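A.B. asks: Here you go, my_file06.cif (mmCIF, C-alpha atoms):
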data_my_file
#
loop_
_atom_site.label_atom_id
_atom_site.label_comp_id
_atom_site.auth_asym_id
_atom_site.auth_seq_id
_atom_site.Cartn_x
_atom_site.Cartn_y
_atom_site.Cartn_z
CA MET A 1 9.68 40.31 -58.80
CA TYR A 2 8.20 37.32 -56.97
CA LYS A 3 10.62 35.56 -54.61
CA LYS A 4 10.11 31.89 -53.71
CA LYS A 5 9.95 31.17 -50.01
CA LYS A 6 10.71 27.49 -50.20
CA GLY A 7 11.63 26.08 -46.77
CA GLN A 8 10.43 29.16 -44.89
CA LEU A 9 7.52 29.61 -42.51
CA SER A 10 5.91 32.99 -42.28
CA VAL A 11 5.65 34.70 -38.90
CA GLY A 12 1.91 33.91 -38.86
CA GLU A 13 2.51 30.22 -39.46
CA ILE A 14 5.16 30.13 -36.72
CA MET A 15 2.70 31.78 -34.30
CA ILE A 16 -0.05 29.30 -35.22
CA LEU A 17 2.36 26.40 -34.72
CA PHE A 18 3.59 27.78 -31.39
CA MET A 19 0.09 28.57 -30.06
CA GLY A 20 -1.25 25.21 -31.21
CA ILE A 21 1.50 23.32 -29.40
CA VAL A 22 1.14 25.43 -26.23
CA VAL A 23 -2.65 24.97 -26.13
CA ALA A 24 -2.37 21.23 -26.81
CA LEU A 25 0.26 20.80 -24.10
CA ALA A 26 -1.99 22.69 -21.67
CA PHE A 27 -4.93 20.37 -22.39
CA ILE A 28 -3.09 17.03 -22.47
CA PRO A 29 -2.67 16.72 -18.65
CA GLN A 30 -6.39 17.40 -18.19
CA ILE A 31 -7.25 14.85 -20.85
CA PHE A 32 -5.17 12.19 -19.09
CA ASP A 33 -6.70 13.12 -15.69
CA SER A 34 -10.20 12.67 -17.13
CA GLN A 35 -9.13 9.42 -18.78
CA ASN A 36 -7.81 8.21 -15.40
CA ILE A 37 -11.28 8.59 -13.86
CA LEU A 38 -12.73 6.44 -16.64
CA THR A 39 -10.11 3.69 -16.48
CA ASP A 40 -8.68 3.46 -12.92
CA LYS A 41 -10.07 3.12 -9.43
CA GLN A 42 -9.32 6.22 -7.39
CA GLN A 43 -7.18 5.93 -4.24
CA VAL A 44 -7.92 7.63 -0.94
CA ILE A 45 -5.16 7.58 1.66
CA ASP A 46 -5.63 8.62 5.28
CA GLU A 47 -9.20 9.88 5.24
CA THR A 48 -9.52 11.10 8.82
CA PHE A 49 -12.29 10.32 11.29
CA ASP A 50 -12.60 11.56 14.87
CA LEU A 51 -12.97 8.46 17.04
CA GLY A 52 -13.90 10.75 19.92
CA LYS A 53 -17.42 10.99 18.49
CA ALA A 54 -17.89 7.27 19.17
CA LEU A 55 -16.50 7.25 22.70
CA ILE A 56 -18.69 6.83 25.75
CA ASN A 57 -17.39 8.73 28.78
CA GLY A 58 -14.26 9.51 26.76
CA SER A 59 -12.78 6.02 26.99
CA VAL A 60 -15.05 3.19 25.78
CA VAL A 61 -16.07 2.82 22.12
CA ASN A 62 -19.77 2.87 21.32
CA GLU A 63 -19.92 -0.08 18.91
CA SER A 64 -23.15 1.11 17.31
CA TYR A 65 -21.77 4.50 16.21
CA GLU A 66 -21.47 4.48 12.42
CA PHE A 67 -18.85 6.32 10.39
CA THR A 68 -19.40 6.84 6.66
CA ILE A 69 -16.50 7.44 4.28
CA THR A 70 -16.63 10.42 1.92
CA ASN A 71 -16.77 8.41 -1.31
CA ASN A 72 -19.32 5.86 -0.20
CA PRO A 73 -20.69 3.78 -3.07
CA THR A 74 -24.21 4.55 -4.24
CA GLY A 75 -26.35 3.18 -7.04
CA TRP A 76 -24.39 1.08 -9.53
CA GLN A 77 -21.19 1.44 -7.49
CA ALA A 78 -22.68 -0.46 -4.52
CA THR A 79 -23.38 -3.54 -6.64
CA SER A 80 -20.94 -3.36 -9.57
CA CYS A 81 -17.91 -1.71 -8.01
CA PRO A 82 -17.64 -2.01 -4.22
CA LEU A 83 -14.78 -0.47 -2.30
CA THR A 84 -11.49 -2.37 -2.29
CA GLY A 85 -8.19 -2.24 -0.41
CA VAL A 86 -9.77 -0.97 2.79
CA THR A 87 -7.48 -0.53 5.78
CA ILE A 88 -8.41 1.23 8.99
CA GLY A 89 -5.97 2.29 11.67
CA ASN A 90 -4.23 5.28 13.12
CA SER A 91 -0.78 6.79 12.73
CA THR A 92 0.91 3.83 14.48
CA ASP A 93 -1.31 0.73 14.06
CA ASP A 94 -3.51 -0.94 11.47
CA PHE A 95 -6.64 -2.41 12.97
CA THR A 96 -7.85 -5.90 12.13
CA ASP A 97 -11.08 -6.30 10.16
CA THR A 98 -13.89 -8.00 12.12
CA THR A 99 -11.74 -7.94 15.28
CA ASP A 100 -11.29 -4.19 15.75
CA TYR A 101 -13.88 -2.87 13.30
CA VAL A 102 -16.66 -3.92 10.94
CA PHE A 103 -16.66 -2.41 7.46
CA THR A 104 -19.36 -2.79 4.81
CA GLU A 105 -17.83 -2.31 1.35
CA ALA A 106 -21.18 -1.88 -0.40
CA THR A 107 -22.17 1.13 1.74
CA GLY A 108 -18.88 2.59 2.96
CA VAL A 109 -20.04 2.44 6.58
CA PHE A 110 -17.90 1.14 9.43
CA THR A 111 -18.20 0.75 13.18
CA MET A 112 -15.36 0.41 15.63
CA LYS A 113 -15.26 -2.34 18.22
CA ASN A 114 -14.44 -1.92 21.87
CA THR A 115 -11.04 -3.66 21.87
CA ASP A 116 -7.80 -2.94 23.71
CA VAL A 117 -6.06 -2.11 20.43
CA VAL A 118 -8.67 0.47 19.42
CA ASN A 119 -9.04 1.98 22.89
CA GLY A 120 -5.31 2.03 23.60
CA SER A 121 -3.93 3.23 20.28
CA SER A 122 -6.60 5.82 19.41
CA ALA A 123 -7.38 7.16 22.85
CA GLU A 124 -4.64 9.80 22.82
CA THR A 125 -5.44 11.45 19.47
CA ASN A 126 -8.95 10.09 18.76
CA THR A 127 -7.95 9.96 15.10
CA THR A 128 -8.77 7.00 12.87
CA LEU A 129 -7.37 6.83 9.33
CA VAL A 130 -9.02 4.96 6.46
CA ASP A 131 -7.42 3.98 3.12
CA TYR A 132 -9.49 2.58 0.24
CA SER A 133 -10.04 2.46 -3.52
CA TYR A 134 -13.33 3.45 -5.11
CA CYS A 135 -14.94 3.84 -8.52
CA ALA A 136 -15.59 7.48 -9.38
CA ASP A 137 -18.67 8.51 -11.33
CA GLY A 138 -17.93 7.69 -14.96
CA TYR A 139 -15.68 4.71 -14.19
CA ASN A 140 -16.02 2.00 -16.85
CA THR A 141 -16.65 -1.33 -15.15
CA ASN A 142 -16.22 -3.24 -18.42
CA SER A 143 -12.58 -3.95 -19.34
CA GLY A 144 -13.31 -3.38 -23.05
CA SER A 145 -14.67 0.10 -22.44
CA ARG A 146 -11.67 0.89 -20.21
CA GLY A 147 -9.41 -0.17 -23.09
CA VAL A 148 -11.19 2.10 -25.55
CA ALA A 149 -11.18 4.99 -23.06
CA GLY A 150 -7.43 4.50 -22.73
CA LEU A 151 -7.07 5.55 -26.36
CA ILE A 152 -8.33 9.09 -25.68
CA GLY A 153 -4.97 10.37 -24.44
CA LEU A 154 -3.04 8.48 -27.10
CA PHE A 155 -5.05 10.05 -29.92
CA SER A 156 -4.70 13.50 -28.33
CA VAL A 157 -0.92 13.14 -28.50
CA PHE A 158 -1.14 11.90 -32.10
CA ILE A 159 -3.22 14.97 -33.04
CA LEU A 160 -0.58 17.24 -31.49
CA LEU A 161 2.18 15.46 -33.39
CA GLY A 162 0.18 15.59 -36.63
CA PHE A 163 -0.37 19.31 -36.19
CA ALA A 164 3.35 19.95 -35.67
CA VAL A 165 4.41 17.66 -38.53
CA TYR A 166 1.90 19.30 -40.89
CA TYR A 167 3.41 22.74 -40.38
CA LEU A 168 6.95 21.41 -40.59
CA MET A 169 6.19 19.58 -43.85
CA LYS A 170 4.34 22.61 -45.20
CA SER A 171 7.49 24.66 -44.72
CA ASP A 172 9.45 22.24 -46.91
CA ILE A 173 12.28 22.18 -44.39
CA PHE A 174 12.88 18.52 -45.08
CA ASN A 175 12.90 18.99 -48.86
CA SER A 176 15.29 21.97 -49.12
#
How does this structure look as structure tokens?
C.D. replies:
Amino acid sequence: MYKKKKGQLSVGEIMILFMGIVVALAFIPQIFDSQNILTDKQQVIDETFDLGKALINGSVVNESYEFTITNNPTGWQATSCPLTGVTIGNSTDDFTDTTDYVFTEATGVFTMKNTDVVNGSSAETNTTLVDYSYCADGYNTNSGSRGVAGLIGLFSVFILLGFAVYYLMKSDIFNS
């Protein structure tokens, strides 16, 4: 005789529900990481440069030696999304823009100046640290497109919830 299985999920349905949730949870962090590239400027902290390359006779800075940051803006980034929040220094001091260095936001190139602060504070380690924010490839410069891109993660979570609710409602657990 046929037995009603009201309020019960079969083993197959439980496996589908479990695997669906596991797969969705594995993809959600990647979805939000990709969304972050579209909607937020990326931060670089302590990109390291060897000041020793710009020293003459190991002690005086060659003011014409150019350093280029790793994520230098090119194409649309140079005009529509220049670098922001740039600070240059070392482990103990921040240098002063135009006094201790010259930085061009549109190209990501900087030169150090021959000042007491630069020569004195960087001479021991020859390490210069640069912090900045940049627009990654794919960044949406328009605030409206950033708002729409922000919905990607939200809808991914809604799909996961819908999937779980569908199988729970299908099992009639709430109607038993």
A.B. asks: Which neighbours of range 97-108 of chain A fall inside 10 Å, counting only C-alpha atoms, when residues of the same chain fewer than 5 positions from it are skipped, and could you give them as a PyMOL selection string?
C.D. replies: chain A and resi 63+66-75+77-89+113-119+132+134
A.B. asks: Can you give me, as number ranges by chain, the residues this file yields under the PyMOL selection byres ((chain A and resi 150-166) around 12)?
C.D. replies: A: 9, 13-40, 139-140, 143-149, 167-174
A.B. asks: Quick check, in Å to one decimal: how far apart do CA of Thr92 in chain A and CA of Ala136 in chain A lie?
C.D. replies: 29.2 Å
A.B. asks: Do you know which residues are at most 6 Å from Thr127 in chain A counting only C-alpha atoms, after dropping those on the same chain fewer than 3 positions away, and could you put them as number ranges by chain?
C.D. replies: A: 49-51
A.B. asks: Kindly give the distance, in Å, that separates CA of Ile45 in chain A and CA of Leu129 in chain A, rounded to a single decimal.
C.D. replies: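 Straight-line distance from CA of Ile45 in chain A to CA of Leu129 in chain A works out to 8.0 Å.
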A.B. asks: Evaluate the PyMOL selection byres ((chain A and resi 52) around 10) on the structure here and hand back the selected residues as a ChimeraX atom specification.
C.D. replies: /A:49-51,53-62,122-128
A.B. asks: What does the distance from CA of Thr111 in chain A to CA of Ser64 in chain A come to in Å, to one decimal?
C.D. replies: 6.5 Å
A.B. asks: Output, as JSON, the centre and edge lengths in Å (one decimal) of the axis-aligned box that contains all listed atoms of range 95-113 of chain A with 3 Å of margin on each side.
C.D. replies:
{"center_x": -14.4, "center_y": -2.7, "center_z": 8.9, "size_x": 21.5, "size_y": 16.6, "size_z": 24.6}
